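Source file: entry_39.txt. Holds: compact mmCIF, C-alpha atoms.
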# COMPACT_ATOMS: atom_id res chain seq x y z
CA MET O 7 27.52 -25.57 -28.03
CA ARG O 8 29.64 -23.75 -25.43
CA VAL O 9 29.68 -19.98 -25.84
CA LEU O 10 31.90 -17.35 -24.23
CA ILE O 11 30.46 -13.80 -24.23
CA ILE O 12 32.94 -10.99 -23.49
CA ASP O 13 31.71 -7.43 -22.91
CA ASP O 14 32.32 -4.93 -20.11
CA SER O 15 28.58 -4.13 -20.10
CA LYS O 16 26.36 -6.58 -18.22
CA THR O 17 23.46 -5.18 -20.27
CA MET O 18 25.10 -6.06 -23.58
CA ARG O 19 26.11 -9.51 -22.29
CA SER O 20 22.47 -10.21 -21.41
CA ILE O 21 21.27 -8.98 -24.83
CA VAL O 22 23.79 -11.20 -26.65
CA LYS O 23 22.88 -14.10 -24.34
CA SER O 24 19.19 -13.75 -25.24
CA VAL O 25 20.15 -14.08 -28.92
CA ILE O 26 22.51 -17.05 -28.49
CA GLU O 27 20.36 -19.16 -26.13
CA PRO O 28 17.74 -20.15 -28.76
CA LEU O 29 20.55 -21.15 -31.16
CA GLY O 30 21.45 -24.25 -29.17
CA ALA O 31 23.87 -22.95 -26.55
CA THR O 32 24.27 -25.63 -23.87
CA ALA O 33 26.62 -23.60 -21.69
CA ILE O 34 27.35 -19.88 -21.61
CA GLU O 35 30.22 -18.19 -19.76
CA GLU O 36 30.64 -14.43 -19.43
CA ALA O 37 33.67 -12.20 -18.95
CA GLY O 38 33.92 -8.44 -18.45
CA ASP O 39 37.30 -7.86 -20.14
CA GLY O 40 39.88 -9.62 -22.29
CA LYS O 41 42.13 -10.71 -19.42
CA GLU O 42 39.28 -12.37 -17.53
CA ALA O 43 38.14 -13.95 -20.81
CA LEU O 44 41.54 -15.55 -21.46
CA GLU O 45 41.40 -17.19 -18.03
CA ARG O 46 37.81 -18.36 -18.59
CA ALA O 47 38.55 -19.65 -22.11
CA ALA O 48 41.40 -21.88 -20.91
CA ALA O 49 39.11 -23.81 -18.55
CA PHE O 50 35.80 -23.49 -20.43
CA ARG O 51 37.08 -24.35 -23.96
CA PRO O 52 34.28 -22.56 -25.86
CA ASP O 53 32.94 -23.57 -29.29
CA LEU O 54 32.16 -19.91 -30.09
CA VAL O 55 33.38 -16.57 -28.73
CA LEU O 56 31.58 -13.23 -29.05
CA VAL O 57 33.78 -10.32 -28.01
CA ASP O 58 33.38 -6.55 -27.69
CA TRP O 59 36.28 -4.32 -28.81
CA ASN O 60 36.39 -1.40 -26.35
CA MET O 61 36.87 -2.75 -22.84
CA PRO O 62 39.02 -1.73 -19.87
CA ILE O 63 42.08 -3.76 -18.74
CA MET O 64 42.40 -5.75 -22.00
CA SER O 65 40.59 -4.82 -25.22
CA GLY O 66 38.79 -7.29 -27.45
CA LEU O 67 41.48 -6.95 -30.10
CA GLU O 68 44.23 -7.75 -27.58
CA PHE O 69 42.16 -10.72 -26.41
CA VAL O 70 41.87 -12.09 -29.96
CA VAL O 71 45.63 -11.82 -30.55
CA ALA O 72 46.38 -13.59 -27.24
CA PHE O 73 43.63 -16.20 -27.80
CA ARG O 74 44.96 -17.10 -31.25
CA ALA O 75 48.48 -17.29 -29.80
CA THR O 76 47.27 -20.23 -27.68
CA GLY O 77 46.61 -22.12 -30.92
CA SER O 78 42.81 -21.98 -30.61
CA LYS O 79 40.84 -22.18 -33.86
CA THR O 80 37.49 -21.50 -32.11
CA PRO O 81 35.36 -19.09 -34.19
CA VAL O 82 35.43 -15.55 -32.83
CA ILE O 83 32.85 -12.86 -33.68
CA MET O 84 33.71 -9.24 -32.84
CA VAL O 85 30.52 -7.45 -31.68
CA THR O 86 31.33 -3.75 -31.63
CA THR O 87 30.50 -0.18 -32.60
CA GLU O 88 33.91 0.02 -34.37
CA ALA O 89 32.51 -0.03 -37.89
CA GLU O 90 35.24 1.79 -39.84
CA LYS O 91 36.86 -0.32 -42.58
CA PRO O 92 40.45 -0.06 -41.21
CA ARG O 93 39.21 -1.37 -37.83
CA VAL O 94 37.40 -4.31 -39.47
CA ILE O 95 40.58 -5.21 -41.40
CA GLU O 96 42.64 -4.89 -38.20
CA ALA O 97 40.29 -7.29 -36.41
CA ILE O 98 40.29 -9.84 -39.22
CA LYS O 99 44.09 -9.73 -39.39
CA ALA O 100 44.16 -10.41 -35.65
CA GLY O 101 42.11 -13.58 -36.16
CA VAL O 102 38.45 -12.61 -35.95
CA ASN O 103 36.18 -14.84 -38.07
CA ASN O 104 33.24 -12.49 -38.39
CA TYR O 105 32.09 -9.02 -37.41
CA ALA O 106 28.78 -7.74 -35.99
CA ILE O 107 28.25 -3.99 -35.77
CA LYS O 108 26.31 -2.45 -32.88
CA PRO O 109 23.52 -1.50 -32.92
CA PHE O 110 22.07 -4.75 -34.22
CA THR O 111 18.70 -6.46 -34.33
CA PRO O 112 18.36 -9.96 -32.82
CA ALA O 113 17.69 -11.31 -36.32
CA GLY O 114 20.80 -9.61 -37.69
CA LEU O 115 23.08 -11.01 -34.98
CA THR O 116 21.48 -14.46 -35.32
CA GLN O 117 22.29 -14.47 -39.03
CA ILE O 118 25.93 -13.56 -38.39
CA ILE O 119 26.29 -16.26 -35.70
CA GLU O 120 24.70 -18.94 -37.90
CA SER O 121 26.83 -18.09 -40.94
CA THR O 122 29.99 -18.09 -38.79
CA LEU O 123 29.17 -21.50 -37.33
CA ALA O 124 28.25 -22.92 -40.76
CA LYS O 125 31.56 -21.69 -42.21
CA ALA O 126 33.50 -23.12 -39.26
CA ARG O 127 31.74 -26.50 -39.67
CA SER O 128 32.43 -26.66 -43.41
CA GLY O 129 36.07 -25.66 -42.76
CA ALA O 130 36.41 -28.45 -40.18
CA ARG O 131 34.94 -31.03 -42.59
CA ALA O 132 37.32 -29.96 -45.37
CA ALA O 133 40.39 -30.20 -43.09
CA MET C 13 36.44 24.03 -35.02
CA ALA C 14 33.39 23.23 -32.85
CA ALA C 15 30.72 20.64 -33.57
CA THR C 16 29.29 21.12 -37.07
CA HIS C 17 25.96 20.06 -38.53
CA HIS C 18 27.79 16.92 -39.74
CA HIS C 19 28.48 15.86 -36.14
CA ILE C 20 24.95 16.70 -34.97
CA GLN C 21 23.36 14.88 -37.91
CA ALA C 22 25.60 11.86 -37.21
CA ILE C 23 24.42 11.77 -33.60
CA VAL C 24 20.77 12.19 -34.63
CA ASP C 25 21.07 9.34 -37.16
CA ALA C 26 22.88 7.13 -34.66
CA THR C 27 20.26 7.80 -31.97
CA ARG C 28 17.46 6.93 -34.38
CA SER C 29 19.23 3.74 -35.40
CA VAL C 30 19.86 2.63 -31.78
CA CYS C 31 16.26 3.39 -30.75
CA GLU C 32 14.77 1.50 -33.67
CA MET C 33 17.11 -1.51 -33.58
CA MET C 34 17.83 -2.03 -29.88
CA LEU C 35 14.95 -0.33 -28.03
CA ARG C 36 12.24 -0.90 -30.65
CA LEU C 37 10.79 2.52 -29.79
CA PRO C 38 9.85 5.46 -32.04
CA VAL C 39 11.94 8.62 -31.71
CA SER C 40 11.44 12.31 -32.57
CA PHE C 41 13.90 15.20 -32.18
CA THR C 42 13.89 18.92 -31.32
CA SER C 43 16.11 21.35 -33.23
CA PRO C 44 19.69 21.67 -31.94
CA ARG C 45 20.62 24.87 -30.08
CA LEU C 46 23.72 26.39 -28.54
CA THR C 47 23.38 26.34 -24.77
CA SER C 48 25.31 25.65 -21.59
CA THR C 49 25.65 22.26 -19.90
CA GLN C 50 22.80 21.22 -17.62
CA SER C 51 22.53 18.81 -14.72
CA HIS C 52 20.32 15.76 -15.10
CA ASP C 53 19.26 13.01 -12.70
CA VAL C 54 21.27 10.47 -14.68
CA GLN C 55 23.99 11.24 -17.22
CA GLY C 56 25.86 8.91 -19.55
CA ILE C 57 29.10 10.40 -20.86
CA VAL C 58 31.52 9.18 -23.52
CA GLY C 59 34.78 10.97 -24.28
CA LEU C 60 36.26 11.19 -27.77
CA SER C 61 39.86 11.49 -28.88
CA GLY C 62 41.80 11.47 -32.13
CA ASP C 63 40.73 13.76 -34.98
CA ALA C 64 37.79 15.07 -32.88
CA THR C 65 38.04 15.56 -29.13
CA GLY C 66 35.47 16.28 -26.45
CA SER C 67 32.48 14.44 -25.13
CA VAL C 68 28.87 13.54 -25.74
CA THR C 69 26.52 13.50 -22.74
CA ILE C 70 23.11 11.89 -22.55
CA GLY C 71 20.93 13.37 -19.80
CA LEU C 72 17.78 11.76 -18.39
CA ASP C 73 15.34 12.22 -15.55
CA ARG C 74 14.78 9.18 -13.33
CA ALA C 75 11.60 8.00 -15.04
CA SER C 76 13.19 8.25 -18.48
CA ALA C 77 16.33 6.43 -17.30
CA GLU C 78 14.15 3.60 -15.98
CA ALA C 79 12.07 3.44 -19.15
CA LEU C 80 15.05 3.33 -21.51
CA ALA C 81 17.05 0.88 -19.36
CA THR C 82 13.99 -1.39 -19.18
CA ALA C 83 13.50 -1.20 -22.96
CA LEU C 84 17.17 -2.01 -23.63
CA VAL C 85 17.42 -4.91 -21.19
CA GLY C 86 13.92 -6.26 -21.81
CA ALA C 87 13.15 -6.57 -18.07
CA PRO C 88 12.11 -4.07 -15.37
CA ILE C 89 15.07 -1.97 -14.14
CA LYS C 90 14.98 0.42 -11.18
CA CYS C 91 16.73 3.80 -11.48
CA GLY C 92 19.68 4.03 -9.10
CA SER C 93 20.58 0.34 -9.42
CA SER C 94 23.93 -0.71 -10.86
CA HIS C 95 22.04 -2.46 -13.66
CA CYS C 96 20.33 0.83 -14.61
CA ASP C 97 23.68 2.64 -14.65
CA ASP C 98 25.17 -0.12 -16.79
CA ALA C 99 22.25 0.06 -19.25
CA ILE C 100 22.47 3.86 -19.57
CA GLY C 101 26.25 3.59 -20.03
CA GLU C 102 25.74 1.03 -22.80
CA LEU C 103 23.02 3.15 -24.42
CA THR C 104 25.43 6.10 -24.48
CA ASN C 105 28.19 3.88 -25.86
CA LEU C 106 25.90 2.57 -28.62
CA ILE C 107 24.83 6.07 -29.70
CA VAL C 108 28.29 7.67 -29.62
CA GLY C 109 29.95 4.60 -31.15
CA ALA C 110 27.47 4.54 -34.03
CA ALA C 111 27.75 8.33 -34.46
CA LYS C 112 31.53 8.51 -34.70
CA THR C 113 31.60 6.17 -37.69
CA ARG C 114 29.47 8.84 -39.45
CA PHE C 115 31.75 11.77 -38.46
CA PRO C 116 33.71 13.45 -41.27
CA GLU C 117 37.01 12.92 -39.41
CA PRO C 118 38.58 9.58 -40.35
CA ASP C 119 40.14 8.67 -37.00
CA VAL C 120 38.01 9.24 -33.91
CA ARG C 121 38.32 7.00 -30.85
CA ILE C 122 35.80 6.63 -28.05
CA GLY C 123 36.48 5.91 -24.41
CA CYS C 124 34.53 3.64 -22.07
CA PRO C 125 31.23 5.23 -20.95
CA ARG C 126 30.74 6.57 -17.45
CA VAL C 127 27.44 7.25 -15.72
CA GLU C 128 27.00 10.08 -13.24
CA SER C 129 24.30 11.58 -11.08
CA PRO C 130 24.59 15.21 -9.88
CA SER C 131 26.11 13.97 -6.61
CA THR C 132 28.83 11.98 -8.37
CA ARG C 133 29.42 14.42 -11.21
CA SER C 134 33.14 14.93 -11.88
CA ASN C 135 34.92 18.21 -12.56
CA GLY C 136 35.50 17.00 -16.12
CA SER C 137 32.02 18.13 -17.16
CA PRO C 138 31.47 21.49 -15.49
CA ASP C 139 28.12 23.29 -15.62
CA GLY C 140 28.10 26.32 -17.88
CA ALA C 141 30.42 25.10 -20.68
CA GLN C 142 29.00 25.90 -24.12
CA VAL C 143 27.58 22.91 -25.96
CA THR C 144 25.27 22.09 -28.83
CA ALA C 145 22.22 20.41 -27.34
CA PHE C 146 19.02 18.82 -28.53
CA SER C 147 16.33 16.61 -27.05
CA CYS C 148 14.43 13.62 -28.27
CA SER C 149 11.27 11.80 -27.28
CA ILE C 150 11.72 8.04 -27.24
CA GLY C 151 8.41 6.38 -26.46
CA ASP C 152 7.37 7.99 -23.16
CA ALA C 153 10.95 8.99 -22.26
CA THR C 154 12.78 12.25 -22.95
CA MET C 155 16.52 12.22 -23.59
CA HIS C 156 18.75 15.33 -23.72
CA ILE C 157 21.95 15.13 -25.73
CA GLU C 158 24.81 17.60 -25.20
CA VAL C 159 27.66 17.66 -27.70
CA ALA C 160 30.96 19.33 -26.73
CA LEU C 161 33.29 18.57 -29.62
CA ARG C 162 36.34 20.11 -31.22
CA SER C 163 37.50 18.90 -34.62
CA LEU C 164 41.29 18.83 -34.98
CA LYS C 165 41.12 17.98 -38.66
CA PRO C 166 40.61 20.93 -41.03
CA LEU C 167 37.56 20.14 -43.12
CA ALA C 168 36.39 21.60 -46.40
CA ALA C 169 34.55 24.93 -46.05
CA ASP C 170 31.21 24.25 -44.40
CA PRO C 171 28.53 26.93 -44.80
CA HIS C 172 26.43 25.21 -42.09
CA ALA C 173 29.20 25.08 -39.46
CA ALA C 174 27.84 25.88 -35.99
Show me, as structure tokens, the structure contained in the file I just sent.
Amino acid sequence: MRVLIIDDSKTMRSIVKSVIEPLGATAIEEAGDGKEALERAAAFRPDLVLVDWNMPIMSGLEFVVAFRATGSKTPVIMVTTEAEKPRVIEAIKAGVNNYAIKPFTPAGLTQIIESTLAKARSGARAA
Amino acid sequence: MAATHHHIQAIVDATRSVCEMMLRLPVSFTSPRLTSTQSHDVQGIVGLSGDATGSVTIGLDRASAEALATALVGAPIKCGSSHCDDAIGELTNLIVGAAKTRFPEPDVRIGCPRVESPSTRSNGSPDGAQVTAFSCSIGDATMHIEVALRSLKPLAADPHAA
């Protein structure tokens, strides 16, 4: 499984990485903003994307809109402190598959990642 | 309207939640008080806009900054390194981000965190401005939180308003 982690904080990228590594990630790429992530995603072709919302240069929401515009159906999980209902709806409308609210426990984020991947796999089988 | 007990309680609850979930450390708080801004060895600052404007500052001495950065990252971090600054910025972001979802105002936005030492402190956070402040013990570390907020949304009458 190839995973792209997008967060402007190196600390948060390393925390997310420590959660995703035991889940079978074979390759992990990191990006510090949405613009850098779009460039990375084109070459890296991830199987899963975890993206923060509030970032400089290009936000996570802008990234998701641009990423979906490329035709990618790769599952995207928004990992953010933006927990208000209107924000969650905005993110889902933009093409986010699932939502993880910071702060999180490793077990909580693991559960969200596993359920997102399971849903994506069952969706792919049905198609 | 300045910061009310709703804002302070939201920040207390958010701090507790971040410490328990991400740092796995116990936390205890002092009572909030009106004071003036102080200088700290390391400061994480997040600005707010929308229905409530202002900033929340987290102040730490060097040992506390190292202890909390190390707990968040899960590996030894030296104060003064870019990794320590990044960790304190993220800690501030986590606390303020989690707090603003508990604020009474429906639409509050947070900016990206910035980390300052007294030598790099900007004019945007001058010493002497009146703030609501409280401290907390997190494991062996002490963290000072200064709240300088103005609500732009009229709220229902609040007998506890600070």
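In plain terms, chain O touches chain C through Ser15, Lys16, Thr17, Met18, Ser20, Ile21, Asn60, Met61, Pro62, Thr86, Thr87, Glu88, Ala89, Glu90, Ile107, Lys108, Pro109, Phe110, Thr111 and Pro112 of chain O, where touching means an atom at most 9 Å away, counting all atoms listed in the file.
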Could those selected residues go to a file with C-alpha atoms, as a compact mmCIF listing (two decimals), in the coordinates of the input?
# COMPACT_ATOMS: atom_id res chain seq x y z
CA SER O 15 28.58 -4.13 -20.10
CA LYS O 16 26.36 -6.58 -18.22
CA THR O 17 23.46 -5.18 -20.27
CA MET O 18 25.10 -6.06 -23.58
CA SER O 20 22.47 -10.21 -21.41
CA ILE O 21 21.27 -8.98 -24.83
CA ASN O 60 36.39 -1.40 -26.35
CA MET O 61 36.87 -2.75 -22.84
CA PRO O 62 39.02 -1.73 -19.87
CA THR O 86 31.33 -3.75 -31.63
CA THR O 87 30.50 -0.18 -32.60
CA GLU O 88 33.91 0.02 -34.37
CA ALA O 89 32.51 -0.03 -37.89
CA GLU O 90 35.24 1.79 -39.84
CA ILE O 107 28.25 -3.99 -35.77
CA LYS O 108 26.31 -2.45 -32.88
CA PRO O 109 23.52 -1.50 -32.92
CA PHE O 110 22.07 -4.75 -34.22
CA THR O 111 18.70 -6.46 -34.33
CA PRO O 112 18.36 -9.96 -32.82
Show which residues sit within 7 Å of segment 52-56 of chain C, as a JSON list (two decimals) with C-alpha atoms, keeping the file's coordinate frame. Count all atoms listed in the file, and ignore same-chain residues fewer than 6 positions away.
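Contents of result-v4.json, as written:
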[["chain", "number", "residue", "atom", "x", "y", "z"],
["C", 69, "THR", "CA", 26.52, 13.50, -22.74],
["C", 70, "ILE", "CA", 23.11, 11.89, -22.55],
["C", 71, "GLY", "CA", 20.93, 13.37, -19.80],
["C", 72, "LEU", "CA", 17.78, 11.76, -18.39],
["C", 73, "ASP", "CA", 15.34, 12.22, -15.55],
["C", 74, "ARG", "CA", 14.78, 9.18, -13.33],
["C", 77, "ALA", "CA", 16.33, 6.43, -17.30],
["C", 100, "ILE", "CA", 22.47, 3.86, -19.57],
["C", 101, "GLY", "CA", 26.25, 3.59, -20.03],
["C", 104, "THR", "CA", 25.43, 6.10, -24.48],
["C", 125, "PRO", "CA", 31.23, 5.23, -20.95],
["C", 126, "ARG", "CA", 30.74, 6.57, -17.45],
["C", 127, "VAL", "CA", 27.44, 7.25, -15.72],
["C", 128, "GLU", "CA", 27.00, 10.08, -13.24],
["C", 129, "SER", "CA", 24.30, 11.58, -11.08],
["C", 130, "PRO", "CA", 24.59, 15.21, -9.88]]
*Which residue gives the smallest distance to Glu96 of chain O among O:Met84, O:Val57, O:Pro52, O:Ile26, with all atoms listed in the file counted?*
O:Met84
Please return, as a PDB file with C-alpha atoms, keeping the file's coordinate frame, all polymer residues that have at least one atom within 10 Å of the point (39.4, -7.5, -25.6); use all atoms listed in the file and the file's own coordinate frame.
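Output file selection08.pdb is given in full below:
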ATOM      1  CA  ILE O  12      32.940 -10.990 -23.490  1.00  0.00           C
ATOM      2  CA  ASP O  13      31.710  -7.430 -22.910  1.00  0.00           C
ATOM      3  CA  ASP O  14      32.320  -4.930 -20.110  1.00  0.00           C
ATOM      4  CA  ALA O  37      33.670 -12.200 -18.950  1.00  0.00           C
ATOM      5  CA  GLY O  38      33.920  -8.440 -18.450  1.00  0.00           C
ATOM      6  CA  ASP O  39      37.300  -7.860 -20.140  1.00  0.00           C
ATOM      7  CA  GLY O  40      39.880  -9.620 -22.290  1.00  0.00           C
ATOM      8  CA  LYS O  41      42.130 -10.710 -19.420  1.00  0.00           C
ATOM      9  CA  GLU O  42      39.280 -12.370 -17.530  1.00  0.00           C
ATOM     10  CA  ALA O  43      38.140 -13.950 -20.810  1.00  0.00           C
ATOM     11  CA  LEU O  44      41.540 -15.550 -21.460  1.00  0.00           C
ATOM     12  CA  VAL O  57      33.780 -10.320 -28.010  1.00  0.00           C
ATOM     13  CA  ASP O  58      33.380  -6.550 -27.690  1.00  0.00           C
ATOM     14  CA  TRP O  59      36.280  -4.320 -28.810  1.00  0.00           C
ATOM     15  CA  ASN O  60      36.390  -1.400 -26.350  1.00  0.00           C
ATOM     16  CA  MET O  61      36.870  -2.750 -22.840  1.00  0.00           C
ATOM     17  CA  PRO O  62      39.020  -1.730 -19.870  1.00  0.00           C
ATOM     18  CA  ILE O  63      42.080  -3.760 -18.740  1.00  0.00           C
ATOM     19  CA  MET O  64      42.400  -5.750 -22.000  1.00  0.00           C
ATOM     20  CA  SER O  65      40.590  -4.820 -25.220  1.00  0.00           C
ATOM     21  CA  GLY O  66      38.790  -7.290 -27.450  1.00  0.00           C
ATOM     22  CA  LEU O  67      41.480  -6.950 -30.100  1.00  0.00           C
ATOM     23  CA  GLU O  68      44.230  -7.750 -27.580  1.00  0.00           C
ATOM     24  CA  PHE O  69      42.160 -10.720 -26.410  1.00  0.00           C
ATOM     25  CA  VAL O  70      41.870 -12.090 -29.960  1.00  0.00           C
ATOM     26  CA  VAL O  71      45.630 -11.820 -30.550  1.00  0.00           C
ATOM     27  CA  ALA O  72      46.380 -13.590 -27.240  1.00  0.00           C
ATOM     28  CA  PHE O  73      43.630 -16.200 -27.800  1.00  0.00           C
ATOM     29  CA  MET O  84      33.710  -9.240 -32.840  1.00  0.00           C
TER      30      MET O  84
END
*Can you list, as a ChimeraX atom specification, every protein, DNA or RNA residue that comes within 7 Å of Thr154 of chain C when you count only C-alpha atoms, leaving out same-chain residues fewer than 6 positions away?*
/C:72,76,147-148
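With all atoms listed in the file as the atoms that count, the minimum distance from Ile23 of chain C to the choices C:Ser51, C:Ile89, C:Phe41, C:Ile150 is reached by C:Phe41.
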_List as number ranges by chain the residues having at least one atom at most 9 Å from position (39.1, -23.1, -39.6) as given in the file, counting only C-alpha atoms._
O: 79-81, 103, 125-130, 133
Dump as an mmCIF file, in the coordinates of the input, selection limited to C-alpha atoms:
data_model
loop_
_atom_site.group_PDB
_atom_site.id
_atom_site.type_symbol
_atom_site.label_atom_id
_atom_site.label_comp_id
_atom_site.auth_asym_id
_atom_site.auth_seq_id
_atom_site.Cartn_x
_atom_site.Cartn_y
_atom_site.Cartn_z
ATOM 1 C CA LYS O 79 40.840 -22.180 -33.860
ATOM 2 C CA THR O 80 37.490 -21.500 -32.110
ATOM 3 C CA PRO O 81 35.360 -19.090 -34.190
ATOM 4 C CA ASN O 103 36.180 -14.840 -38.070
ATOM 5 C CA LYS O 125 31.560 -21.690 -42.210
ATOM 6 C CA ALA O 126 33.500 -23.120 -39.260
ATOM 7 C CA ARG O 127 31.740 -26.500 -39.670
ATOM 8 C CA SER O 128 32.430 -26.660 -43.410
ATOM 9 C CA GLY O 129 36.070 -25.660 -42.760
ATOM 10 C CA ALA O 130 36.410 -28.450 -40.180
ATOM 11 C CA ALA O 133 40.390 -30.200 -43.090
#
*What is the distance between atom CA of Ile119 of chain O and atom CA of Gly30 of chain O, in Å to one decimal?*
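That distance, rounded to one decimal, is 11.4 Å.
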_I'd like to know which of O:Ala75, O:Val25, O:Ala31, O:Val55 is closest to Thr122 of chain O, using only C-alpha atoms._
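Checking each candidate against Thr122 of chain O, we get O:Val55 as the closest.
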*With all atoms listed in the file as the basis for distance, which of O:Ala49, O:Ile118, O:Val82, O:Ala113 is at the shortest distance from Gly101 of chain O?*
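Answer, going by the shortest atom-to-atom distance: O:Val82.
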*By how many Å are atom CA of Ile11 of chain O and atom CA of Glu36 of chain O apart?*
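Atom CA of Glu36 of chain O lies at a distance of 4.8 Å from atom CA of Ile11 of chain O.
Pairwise distance (atom CA of Thr82 of chain C, atom CA of Ile57 of chain C) equals 19.2 Å.
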Find the smallest box with edges along x, y and z containing every listed atom of segment 114-129 of chain C, then add 5 Å on each side and report centre and edge lengths in Å to one decimal, as AutoDock Vina command-line options.
--center_x 32.2 --center_y 8.5 --center_z -26.2 --size_x 25.8 --size_y 19.8 --size_z 40.2
